[in-house]
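Peer 1: Here it is: the structure, laid out below.
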Amino acid sequence: MAQNSTQSAPSSKSGNSSQASFVKGSAWITAGSIFSRILGAVYIMAWLPMIGDAQTGNLANALFSKGYNIYSLFLMISTAGIPGAIAKQVAHYNTLNEYRVGRRLFHTGIKLMAILGVVSAGLMFFGAPLYAQSAAEIPVYRSLSVAVLIIPFLSIFRGYFQGFAEMAPSAVSQFIEQLARVAYMLGATFVIMQIQHGTYKQAVVQSTFAAFIGAIFGILTLFWFYLRQRGKLEHLMAQSNDNLQVTTKELVMDIIHQSVPFILLGSGITIFQLIDQYSFFKMLPQFFLVTKKEMEIYFAIFNFNSNKLVMIVISFASAMAVAAIPLLSAAHARNDKRDMAQQITNVLQLFLIIMVPASFGVAAVAEPLYTLFYGHDVLGISVLQVNSFTAIILGLFTVLAAVLQGLYQNNVAMRYLIVGIVVKLVMQYPMIAFFNIYGPMVATAIGMLVTSVLMLISLYRLYHFKLQQTLRRMLGIIFFSLVMFFLTGITVNLVGMVLPVQRKIYSAVILIIAVAVGVAVYGYLILKTRLADRIVGPRMAGLRRRLHIR
């Protein structure tokens with residue numbers, strides 16, 4: 001009995017340390033991701049008025065969205081999942097105190113990035129006429145191909161830092177990248193539309209080229225972090241065991257083997273969006289009388305406008321996914337099954353306590369939120385409400401895919417995503433027939449839900465995480481989120497009786513008041529019931545004392 005007790009102690013300590021590291025890492029990545037997403041959405045308020053009226057704005061958004069959907073896919077191919085694979089494998093070797101192997105892995109990854117970046121950029125530039133649906137899309141794709149050339153270097157740097165569980169460099173560089181991108185985008189659009197009196201198509205081309213400008217600033221930021229931490233990294237290299245003899249060929253094969261799942265899984269949401277891009281325009285006219293321009297506007301509303309806002313919420317899940325992979329990989333390297341199960345539980349419960357209320361909150365404030373960014377539009381507001389609930393499922397997929405990858409269950413994750421894609425393809429046609437513009441979102445939700453449920457079942461069978469505890473806490477979170485949803489919605493309606501929500505300036509005031517009410521209600525409920533303490537950790541007790549909540 002004494003022996004068993006002695007052996008179990010390190011696991012418990014390790015589990016607590018892992019939870020602290022996960023929460024800290026999630027905080028950094030969440031902050032960087034959230035601020036970047038918010039900045040990436042806020043620019044719309046300055047960009048659209050320069051573009052023109054509401055209809056022209058939606059046409060520009062549709063063109064922008066098509067370009068970025070293709071760009072996202074090429075970006076995943078050009079990075080080939082290598083940053084995620086690098087983070088995962090560097091964490092693995094660091095746990096074994098083989099820091100030099102991790103550095104060699106990093107250098108090998110850079111060489112692969114150079115090759116893949118050139119090939120992918122070439123394919124995107126010269127192949128643009130093949131996958132463009134109109135002539136206007138070709139210059140947009142080509143402007144983005146330049147970014148595909150250099151962003152792999154940005155990604156590899158982030159992956160290396162994340163392998164050391166250093167999330168701050170990634171978070172800061174992500175924000176700087178977005179800041180530079182938005183600055184160039186707004187400046188170029190102002191010159192084209194206000195000074196040169198050009199077309200919205202020209203403005204979109206320069207706005208997409210801004211991804212290249214942002215990437216340059218992101219790389220410079222990471223290089224600055226690298227120079228600051230070079231002494232620390234060199235010290236770790238000097239302490240390396242150097243017992244593992246790994247050839248360059250083995251490192252390359254290791255990267256390729258680990259990166260392929262990251263391509264497919266990292267492109268999961270993009271693949272679903274591309275299905276919409278190439279099917280919506282063909283399927284919708286079979287059931288409804290619509291013009292080409294109307295379809296472009298509908299596509300902009302659900303694939304760009306609402307997605308832009310919903311991705312702010314999904315970035316919570318993306319942040320947790322990035323923070324979870326190195327910790328899960330480290331636990332796997334130690335063969336610490338107890339810590340692995342605890343990490344899965346931590347990830348799921350932290351996801352629920354943040355993502356569920358965030359999605360419900362977006363649905364509650366959909367009217368002032370959509371109006372603030374795009375102007376008052378009944379259809380757009382309704383689409384945002386539906387899409388905000390879809391975000392929970394998309395976020396769950398993002399987290400579960402990362403967990404399975406961190407635990408080297410790559411084949412399982414890929415197999416279940418393929419099942420979800422097949423479900424999406426099968427459901428797309430009938431869902432558009434029944435739900436019109438909402439059809440693609442419903443089909444996406446069904447496909448992703450199937451994938452996520454299969455992933456959860458697999459994780460429970462393999463690692464026996466605390467399912468019953470998670471379900472109990474999930475019910476509490478949903479109940480508190482519903483309370484917050486109704487009170488926030490009532491606040492929007494009451495303030496809306498005094499201030500006309502149709503005007504942007506007043507919608508901003510309504511939004512601030514409603515969000516304050518929602519945060520206060522949900523925050524009070526999870527602190528009062530100690531739910532936040534049980535999921536986030538003991539730091540919540542200090543917050544509760546400062547807020548005088550007993």
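Labels used: A, B, ... for chains in the order of the structure tokens, numbers from 1 for residues in each chain, and numbers from 1 for ligands as shown.
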If you count only C-alpha atoms, which residues fall within 12 Å of Glu177 in chain A, apart from same-chain ones fewer than 3 positions away, as a PyMOL selection string?

Peer 2: chain A and resi 32-33+35-37+39-40+147+151+154-155+169-174+180-184+210-222

Peer 1: At a cut-off of 10 Å, using only C-alpha atoms, what residues contact Leu48 in chain A? Leave out same-chain residues fewer than 3 positions from it and give the result as a VMD selection string.

Peer 2: chain A and resid 43 to 45 51 to 54 56 to 58 60 to 61 186 189 200 373 to 375

Peer 1: If we count only C-alpha atoms, what is near Gln286 in chain A at a cut-off of 12 Å, once residues fewer than 2 positions away on the same chain are taken out, given as a list in words?

Peer 2: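 Listed by chain and then number, they are Ser279, Phe280, Phe281, Lys282, Met283, Leu284, Phe288, Leu289, Val290, Thr291, Tyr429, Pro430, Ile432, Ala433, Phe434 and Asn436 of chain A.
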
Peer 1: Set the distance at 10 Å and use only C-alpha atoms: which residues neighbour range 529-538 of chain A once local chain neighbours fewer than 2 positions away are removed? I'd like the list as a ChimeraX atom specification.

Peer 2: /A:16,19-20,23,345-353,470,473,476-477,523-527,540-544,549-550

Peer 1: Per residue of range 166-278 of chain A within 9 Å of range 415-428 of chain A, note the shortest atom pair and the distance in Å to one decimal, counting only C-alpha atoms, and order the rows by chain and increasing residue number, as JSON lines.

Peer 2:
```
{"residue": "A:Leu264", "atom": "CA", "partner": "A:Leu417", "partner_atom": "CA", "distance": 8.2}
{"residue": "A:Leu265", "atom": "CA", "partner": "A:Leu417", "partner_atom": "CA", "distance": 7.2}
{"residue": "A:Gly268", "atom": "CA", "partner": "A:Leu417", "partner_atom": "CA", "distance": 7.3}
{"residue": "A:Ile271", "atom": "CA", "partner": "A:Ile421", "partner_atom": "CA", "distance": 8.1}
{"residue": "A:Phe272", "atom": "CA", "partner": "A:Ile421", "partner_atom": "CA", "distance": 7.2}
{"residue": "A:Ile275", "atom": "CA", "partner": "A:Leu425", "partner_atom": "CA", "distance": 7.6}
{"residue": "A:Asp276", "atom": "CA", "partner": "A:Gln428", "partner_atom": "CA", "distance": 8.3}
```

Peer 1: For those residues, write C-alpha atoms to a file as a PDB file, in the first residue's frame.

Peer 2:
```
ATOM      1  CA  LEU A 264      -6.708  17.559 -42.714  1.00  0.00           C
ATOM      2  CA  LEU A 265      -7.823  18.373 -39.178  1.00  0.00           C
ATOM      3  CA  GLY A 268     -11.684  20.899 -41.194  1.00  0.00           C
ATOM      4  CA  ILE A 271     -13.249  22.310 -45.982  1.00  0.00           C
ATOM      5  CA  PHE A 272     -16.843  22.752 -44.789  1.00  0.00           C
ATOM      6  CA  ILE A 275     -18.242  22.886 -49.735  1.00  0.00           C
ATOM      7  CA  ASP A 276     -20.597  25.827 -49.207  1.00  0.00           C
TER       8      ASP A 276
END
```
